[in-house]
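Student: Have a look at this one.
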Amino acid sequence: MKLFQRAKKYTFFTTNEMKDRYDIVIIGAGVHGLALAHYLAKLGVTDVLVIDQGYVGGGASARTTAILRANYYTAEAIPFFRESLKLYEDLSTKLDLNLLFDQIGRLDIGHSESAVYGLQTRADFNRLLNVESYMIGPKQITELVPSMDMRKGKIYPVMAALYHPPAGVIRHDAVVWGYARSAQGMGVHIIPFTKVTDLILDKGRVKGVKTINKDVLAKVVVNATAGWASTIAAMAKIELPIATHPLQVAVTEPVKPFIDTTVSSANLHVYAYQTDRGEIVIGGGVDPYPTYNMSSGLETISHLVSNTLKMFPALRDVRLLRQWSGLCDITPDYAPIMGRVSGIDGFLLTCGWGTWGFKAAPMAGSCMAELITTGKVPELIKPFQLSRFRDGAILNERASAPAAAVH
Ligand SMILES: Cc1cc2nc3c(=O)[nH]c(=O)nc-3n(C[C@H](O)[C@H](O)[C@H](O)COP(=O)(O)OP(=O)(O)OC[C@H]3O[C@@H](n4cnc5c(N)ncnc54)[C@H](O)[C@@H]3O)c2cc1C
């Protein structure tokens, strides 16, 4: 009996039968679509369908390196990501599932005087906006990461670092499944393996979606498809300022404890951390060309490995275990797009999550749920509306990823 109860607790969802109509259809069962469904249900809105062309959480959410942090650059992004990180801190309790959130901190390394100046400015901005973030010198870096190559006179010497202690890593699939289980437990329908092929439009309004199986009517349709967001927007005859680029990452074979924090270098376009299993996760910037192809290649991985070795030469004999890639929906200002679309009633966006969106899901889901239920745009997401591109209010969020310049 006990075993049965335990098994029931860990049964994440059963397949629902898709109805002909819902109040809300969310396209995309990644972390964003599912978080939104969870927060909607918490507000009492449960006539919701989350639909995905593949398996639940099989998009970028399955491929993420799941680093969570709040040390952004702009006055718009810092509070948003700060609040999202706070929601993550007790999400295991809220979802009744151990998400293995490990707040191991984050070091952004400066290899030149101008990089250090940029990081210092960012540290100051962050502290002004209540995000713990400060500069540390070589001695403290060595204490935190004894394996870092601190030799002077290298091409990329380690001069100083921006330290952000509350950052960490989380078990990404647990987050996805936790949100899915919670939303479904409150009545939300989750339908995988069902592609949306078109939107049903009528006189400037979205009325539902066409799928490979049948048409589904809805009062509100949300595009939460990340790397595929432009394809769904095109169904509404909208061109999003988004280019889809692959991001390639890799892990090594397991080694003994070696790095006890997450380390990133914008100059070297690389970041690394060690998992609980001992593998070193290595990631970097997106591939330079837009494509929907998710295959990995030797060229990018060679670049990542060679730049990781510039910081951690002791890893030179460690073998790569596997590599993979996922699609990232990159905006020109490295900031997300959330909210309504002018001219198309009932159509909402939560996309433009690029290489930085996993950490945003709790706050984005919560704010989007508030927008849908109250009709008012929450202050935290006001700066991220699509209209900013029309109004010339772009953000230039330079601390989104190692792909973005930091100074
Ligand atoms: C390799 C990699 C590393 C990353 N590392 C980090 C990190 O360390 N920290 C961080 O914060 N972020 C990171 N990111 C970014 C983060 O993973 C994404 O921003 C986030 O997972 C996006 O979630 P999502 O739910 O919006 O999209 P996704 O998880 O991609 O979900 C979108 C879903 O839409 C579905 N879909 C698409 N088209 C259709 C259709 N026509 N019909 C039905 N369904 C459809 C897809 O199948 C997919 O499941 C990384 C991304 C990658 C690829």
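The chains in the structure tokens are called A, B, ... from first to last as shown; in each chain the residues are counted from 1, and the ligands are counted from 1 in the order shown.
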Using only C-alpha atoms and all ligand atoms, what does the table of chain A residues within 6 Å of ligand 1 look like, with each row giving the shortest atom pair and its distance in Å to one decimal, sorted by chain and ascending number, as CSV?

Tutor:
```
residue,atom,partner,partner_atom_place_in_ligand_line,distance
A:Ile27,CA,ligand 1,44 (N),5.4
A:Gly28,CA,ligand 1,34 (O),3.4
A:Ala29,CA,ligand 1,49 (O),5.2
A:Gly30,CA,ligand 1,25 (O),3.2
A:Val31,CA,ligand 1,25 (O),4.0
A:His32,CA,ligand 1,25 (O),3.8
A:Gly33,CA,ligand 1,25 (O),5.4
A:Ile51,CA,ligand 1,43 (C),5.7
A:Asp52,CA,ligand 1,44 (N),3.5
A:Gln53,CA,ligand 1,43 (C),3.9
A:Gly54,CA,ligand 1,47 (O),4.7
A:Gly57,CA,ligand 1,49 (O),5.3
A:Gly58,CA,ligand 1,49 (O),4.8
A:Gly59,CA,ligand 1,30 (O),3.6
A:Ala60,CA,ligand 1,30 (O),3.7
A:Ser61,CA,ligand 1,21 (O),3.4
A:Arg63,CA,ligand 1,1 (C),5.0
A:Thr64,CA,ligand 1,4 (C),3.5
A:Thr65,CA,ligand 1,8 (O),4.0
A:Ala66,CA,ligand 1,8 (O),3.9
A:Ile67,CA,ligand 1,8 (O),3.7
A:Leu68,CA,ligand 1,11 (O),5.6
A:Lys195,CA,ligand 1,42 (N),3.8
A:Val196,CA,ligand 1,42 (N),3.8
A:Thr197,CA,ligand 1,41 (N),5.7
A:Ala224,CA,ligand 1,26 (O),5.2
A:Thr225,CA,ligand 1,34 (O),3.6
A:Ala226,CA,ligand 1,27 (O),4.3
A:Gly227,CA,ligand 1,30 (O),5.8
A:Trp228,CA,ligand 1,37 (C),4.9
A:Leu247,CA,ligand 1,1 (C),4.9
A:Gln248,CA,ligand 1,1 (C),5.3
A:Val249,CA,ligand 1,1 (C),5.4
A:Ser325,CA,ligand 1,1 (C),5.1
A:Gly326,CA,ligand 1,53 (C),3.5
A:Leu327,CA,ligand 1,53 (C),5.0
A:Cys328,CA,ligand 1,53 (C),5.6
A:Cys351,CA,ligand 1,26 (O),5.8
A:Trp353,CA,ligand 1,19 (O),4.2
A:Gly354,CA,ligand 1,19 (O),5.0
A:Thr355,CA,ligand 1,15 (C),3.8
A:Trp356,CA,ligand 1,12 (N),3.7
A:Gly357,CA,ligand 1,19 (O),3.2
A:Phe358,CA,ligand 1,11 (O),3.5
A:Lys359,CA,ligand 1,11 (O),3.9
```

Student: Report the closest atom pair, with its distance in Å rounded to one decimal, for each residue of segment 245-309 of chain A that has an atom no farther than 12 Å from segment 122-144 of chain A; count only C-alpha atoms, sort by chain and then rising residue number, and write it as CSV.

Tutor:
```
residue,atom,partner,partner_atom,distance
A:Phe258,CA,A:Leu144,CA,10.7
A:Ile259,CA,A:Leu144,CA,8.4
A:Asp260,CA,A:Leu144,CA,7.4
A:Thr261,CA,A:Leu144,CA,7.7
A:Thr262,CA,A:Leu144,CA,10.5
A:Val263,CA,A:Ile141,CA,10.5
```

Student: I need the strand (DSSP E or B) residues of segment 45-188 of chain A per DSSP on the backbone, written as a ChimeraX atom specification.

Tutor: /A:48-51,67-68,102,106-110,134-136,160-163,168-169

Student: Export C-alpha atoms of the chosen residues as a PDB file, in the first residue's frame?

Tutor:
```pdb
ATOM      1  CA  VAL A  48      -6.466  25.347 -19.521  1.00  0.00           C
ATOM      2  CA  LEU A  49      -4.810  23.181 -22.185  1.00  0.00           C
ATOM      3  CA  VAL A  50      -1.020  22.920 -22.482  1.00  0.00           C
ATOM      4  CA  ILE A  51      -0.229  21.340 -25.835  1.00  0.00           C
ATOM      5  CA  ILE A  67      22.083  27.874 -14.085  1.00  0.00           C
ATOM      6  CA  LEU A  68      19.935  30.218 -12.012  1.00  0.00           C
ATOM      7  CA  ASP A 102      22.083  24.006  -5.062  1.00  0.00           C
ATOM      8  CA  ARG A 106      28.646  32.270  -9.635  1.00  0.00           C
ATOM      9  CA  LEU A 107      31.918  33.852 -10.698  1.00  0.00           C
ATOM     10  CA  ASP A 108      32.100  36.045 -13.811  1.00  0.00           C
ATOM     11  CA  ILE A 109      35.769  36.302 -14.652  1.00  0.00           C
ATOM     12  CA  GLY A 110      37.416  39.514 -15.895  1.00  0.00           C
ATOM     13  CA  TYR A 134      30.526  42.083  -5.510  1.00  0.00           C
ATOM     14  CA  MET A 135      34.037  42.046  -6.951  1.00  0.00           C
ATOM     15  CA  ILE A 136      36.722  39.737  -5.633  1.00  0.00           C
ATOM     16  CA  ALA A 160      39.239  39.769 -10.883  1.00  0.00           C
ATOM     17  CA  ALA A 161      35.738  38.345 -10.761  1.00  0.00           C
ATOM     18  CA  LEU A 162      32.179  39.371 -10.097  1.00  0.00           C
ATOM     19  CA  TYR A 163      30.922  37.085  -7.315  1.00  0.00           C
ATOM     20  CA  GLY A 168      23.070  28.051  -8.387  1.00  0.00           C
ATOM     21  CA  VAL A 169      22.000  25.090 -10.456  1.00  0.00           C
TER      22      VAL A 169
END
```

Student: Which of these residues is nearest to Glu397 of chain A, using only C-alpha atoms: A:Ala75, A:Cys367, A:Ala183, A:Ile26?

Tutor: A:Ala75

Student: One number please: atom CA of Leu91 of chain A to atom CA of Phe193 of chain A, in Å, one decimal.

Tutor: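 Between atom CA of Leu91 of chain A and atom CA of Phe193 of chain A the gap is 27.4 Å.
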
Student: Set the distance at 10 Å and use only C-alpha atoms: which residues neighbour segment 282-288 of chain A once local chain neighbours fewer than 2 positions away are removed? I'd like the list as a PyMOL selection string.

Tutor: chain A and resi 64-65+244-252+263-266+268-274+279-280+290-291+296+300-301+303-305+307-308+320+323+325-328+330+354-355+401-404

Student: Limited to N, CA and C atoms, could you put the picked residues into a file as a compact mmCIF listing (two decimals), in the first residue's frame?

Tutor:
```
# COMPACT_ATOMS: atom_id res chain seq x y z
N THR A 64 18.71 22.48 -21.23
CA THR A 64 19.31 23.59 -20.52
C THR A 64 20.42 23.14 -19.57
N THR A 65 21.35 24.05 -19.26
CA THR A 65 22.33 23.75 -18.23
C THR A 65 21.83 24.26 -16.87
N THR A 244 16.29 32.28 -34.28
CA THR A 244 16.51 31.04 -33.56
C THR A 244 17.90 30.50 -33.86
N HIS A 245 18.69 30.39 -32.79
CA HIS A 245 20.07 29.89 -32.91
C HIS A 245 20.24 28.67 -32.00
N PRO A 246 21.02 27.69 -32.43
CA PRO A 246 21.32 26.57 -31.51
C PRO A 246 22.39 26.95 -30.49
N LEU A 247 22.26 26.38 -29.31
CA LEU A 247 23.31 26.51 -28.29
C LEU A 247 23.84 25.10 -28.01
N GLN A 248 25.14 24.95 -28.14
CA GLN A 248 25.75 23.63 -27.93
C GLN A 248 26.44 23.59 -26.58
N VAL A 249 26.27 22.47 -25.89
CA VAL A 249 26.93 22.29 -24.60
C VAL A 249 27.46 20.85 -24.53
N ALA A 250 28.24 20.58 -23.48
CA ALA A 250 28.83 19.24 -23.36
C ALA A 250 29.11 18.94 -21.89
N VAL A 251 29.25 17.66 -21.58
CA VAL A 251 29.73 17.28 -20.24
C VAL A 251 30.89 16.31 -20.36
N THR A 252 31.77 16.39 -19.38
CA THR A 252 32.92 15.48 -19.34
C THR A 252 32.53 14.22 -18.57
N VAL A 263 31.26 29.05 -13.05
CA VAL A 263 32.26 30.00 -13.52
C VAL A 263 31.93 30.38 -14.95
N SER A 264 31.99 31.67 -15.24
CA SER A 264 31.68 32.11 -16.60
C SER A 264 32.70 33.15 -17.05
N SER A 265 33.05 33.11 -18.34
CA SER A 265 33.94 34.11 -18.89
C SER A 265 33.35 34.65 -20.18
N ALA A 266 32.99 35.93 -20.17
CA ALA A 266 32.43 36.54 -21.39
C ALA A 266 33.52 36.72 -22.44
N LEU A 268 36.03 34.72 -22.97
CA LEU A 268 36.31 33.41 -23.59
C LEU A 268 35.04 32.75 -24.13
N HIS A 269 33.89 33.37 -23.90
CA HIS A 269 32.59 32.82 -24.35
C HIS A 269 32.40 31.39 -23.86
N VAL A 270 32.62 31.18 -22.56
CA VAL A 270 32.50 29.84 -22.03
C VAL A 270 32.05 29.89 -20.57
N TYR A 271 31.29 28.89 -20.15
CA TYR A 271 30.97 28.75 -18.72
C TYR A 271 31.07 27.28 -18.33
N ALA A 272 31.30 27.04 -17.04
CA ALA A 272 31.48 25.65 -16.59
C ALA A 272 31.05 25.51 -15.13
N TYR A 273 30.58 24.32 -14.79
CA TYR A 273 30.36 23.96 -13.39
C TYR A 273 30.39 22.45 -13.28
N GLN A 274 30.46 21.96 -12.04
CA GLN A 274 30.52 20.51 -11.84
C GLN A 274 29.21 20.02 -11.25
N GLU A 279 30.44 15.30 -13.20
CA GLU A 279 30.70 15.71 -14.58
C GLU A 279 30.91 17.22 -14.63
N ILE A 280 31.81 17.68 -15.51
CA ILE A 280 31.95 19.13 -15.71
C ILE A 280 31.06 19.51 -16.89
N PRO A 290 21.56 31.38 -37.70
CA PRO A 290 20.23 30.93 -37.31
C PRO A 290 19.86 29.63 -38.02
N THR A 291 19.31 28.69 -37.27
CA THR A 291 18.86 27.42 -37.86
C THR A 291 17.97 26.71 -36.85
N SER A 296 24.95 18.62 -32.99
CA SER A 296 26.16 19.23 -32.43
C SER A 296 27.32 19.00 -33.39
N THR A 300 32.34 23.82 -32.72
CA THR A 300 31.93 24.58 -31.53
C THR A 300 32.46 23.93 -30.27
N ILE A 301 32.38 22.61 -30.22
CA ILE A 301 32.82 21.92 -29.01
C ILE A 301 34.34 22.10 -28.83
N HIS A 303 36.05 24.67 -29.70
CA HIS A 303 36.22 26.02 -29.20
C HIS A 303 35.91 26.08 -27.69
N LEU A 304 34.79 25.44 -27.30
CA LEU A 304 34.41 25.45 -25.88
C LEU A 304 35.49 24.78 -25.03
N VAL A 305 35.96 23.64 -25.51
CA VAL A 305 36.94 22.89 -24.73
C VAL A 305 38.24 23.67 -24.62
N ASN A 307 38.76 26.82 -24.78
CA ASN A 307 38.65 27.99 -23.89
C ASN A 307 38.45 27.61 -22.43
N THR A 308 37.81 26.46 -22.19
CA THR A 308 37.69 25.99 -20.81
C THR A 308 39.08 25.65 -20.26
N LEU A 320 35.44 14.01 -22.89
CA LEU A 320 34.04 14.44 -23.01
C LEU A 320 33.16 13.20 -23.04
N GLN A 323 27.65 15.41 -25.83
CA GLN A 323 27.36 16.80 -26.19
C GLN A 323 25.96 16.85 -26.78
N SER A 325 22.61 19.88 -28.14
CA SER A 325 22.30 21.28 -28.43
C SER A 325 20.81 21.51 -28.32
N GLY A 326 20.40 22.77 -28.19
CA GLY A 326 18.98 23.11 -28.12
C GLY A 326 18.76 24.45 -28.78
N LEU A 327 17.50 24.74 -29.09
CA LEU A 327 17.19 25.98 -29.81
C LEU A 327 16.97 27.14 -28.85
N CYS A 328 17.49 28.31 -29.23
CA CYS A 328 17.36 29.50 -28.40
C CYS A 328 16.76 30.63 -29.24
N ILE A 330 16.55 34.16 -29.79
CA ILE A 330 17.37 35.32 -29.41
C ILE A 330 16.74 36.62 -29.94
N GLY A 354 15.80 32.97 -25.19
CA GLY A 354 17.20 32.81 -25.56
C GLY A 354 17.94 31.73 -24.78
N THR A 355 19.12 32.11 -24.33
CA THR A 355 19.96 31.17 -23.55
C THR A 355 19.78 31.42 -22.05
N ALA A 401 24.01 36.48 -21.14
CA ALA A 401 24.69 35.23 -21.44
C ALA A 401 26.13 35.52 -21.83
N PRO A 402 26.97 34.50 -21.81
CA PRO A 402 28.34 34.73 -22.30
C PRO A 402 28.33 35.15 -23.77
N ALA A 403 27.19 34.91 -24.44
CA ALA A 403 27.09 35.32 -25.85
C ALA A 403 27.03 36.84 -25.96
N ALA A 404 26.56 37.48 -24.89
CA ALA A 404 26.40 38.93 -24.93
C ALA A 404 27.65 39.60 -24.39
```
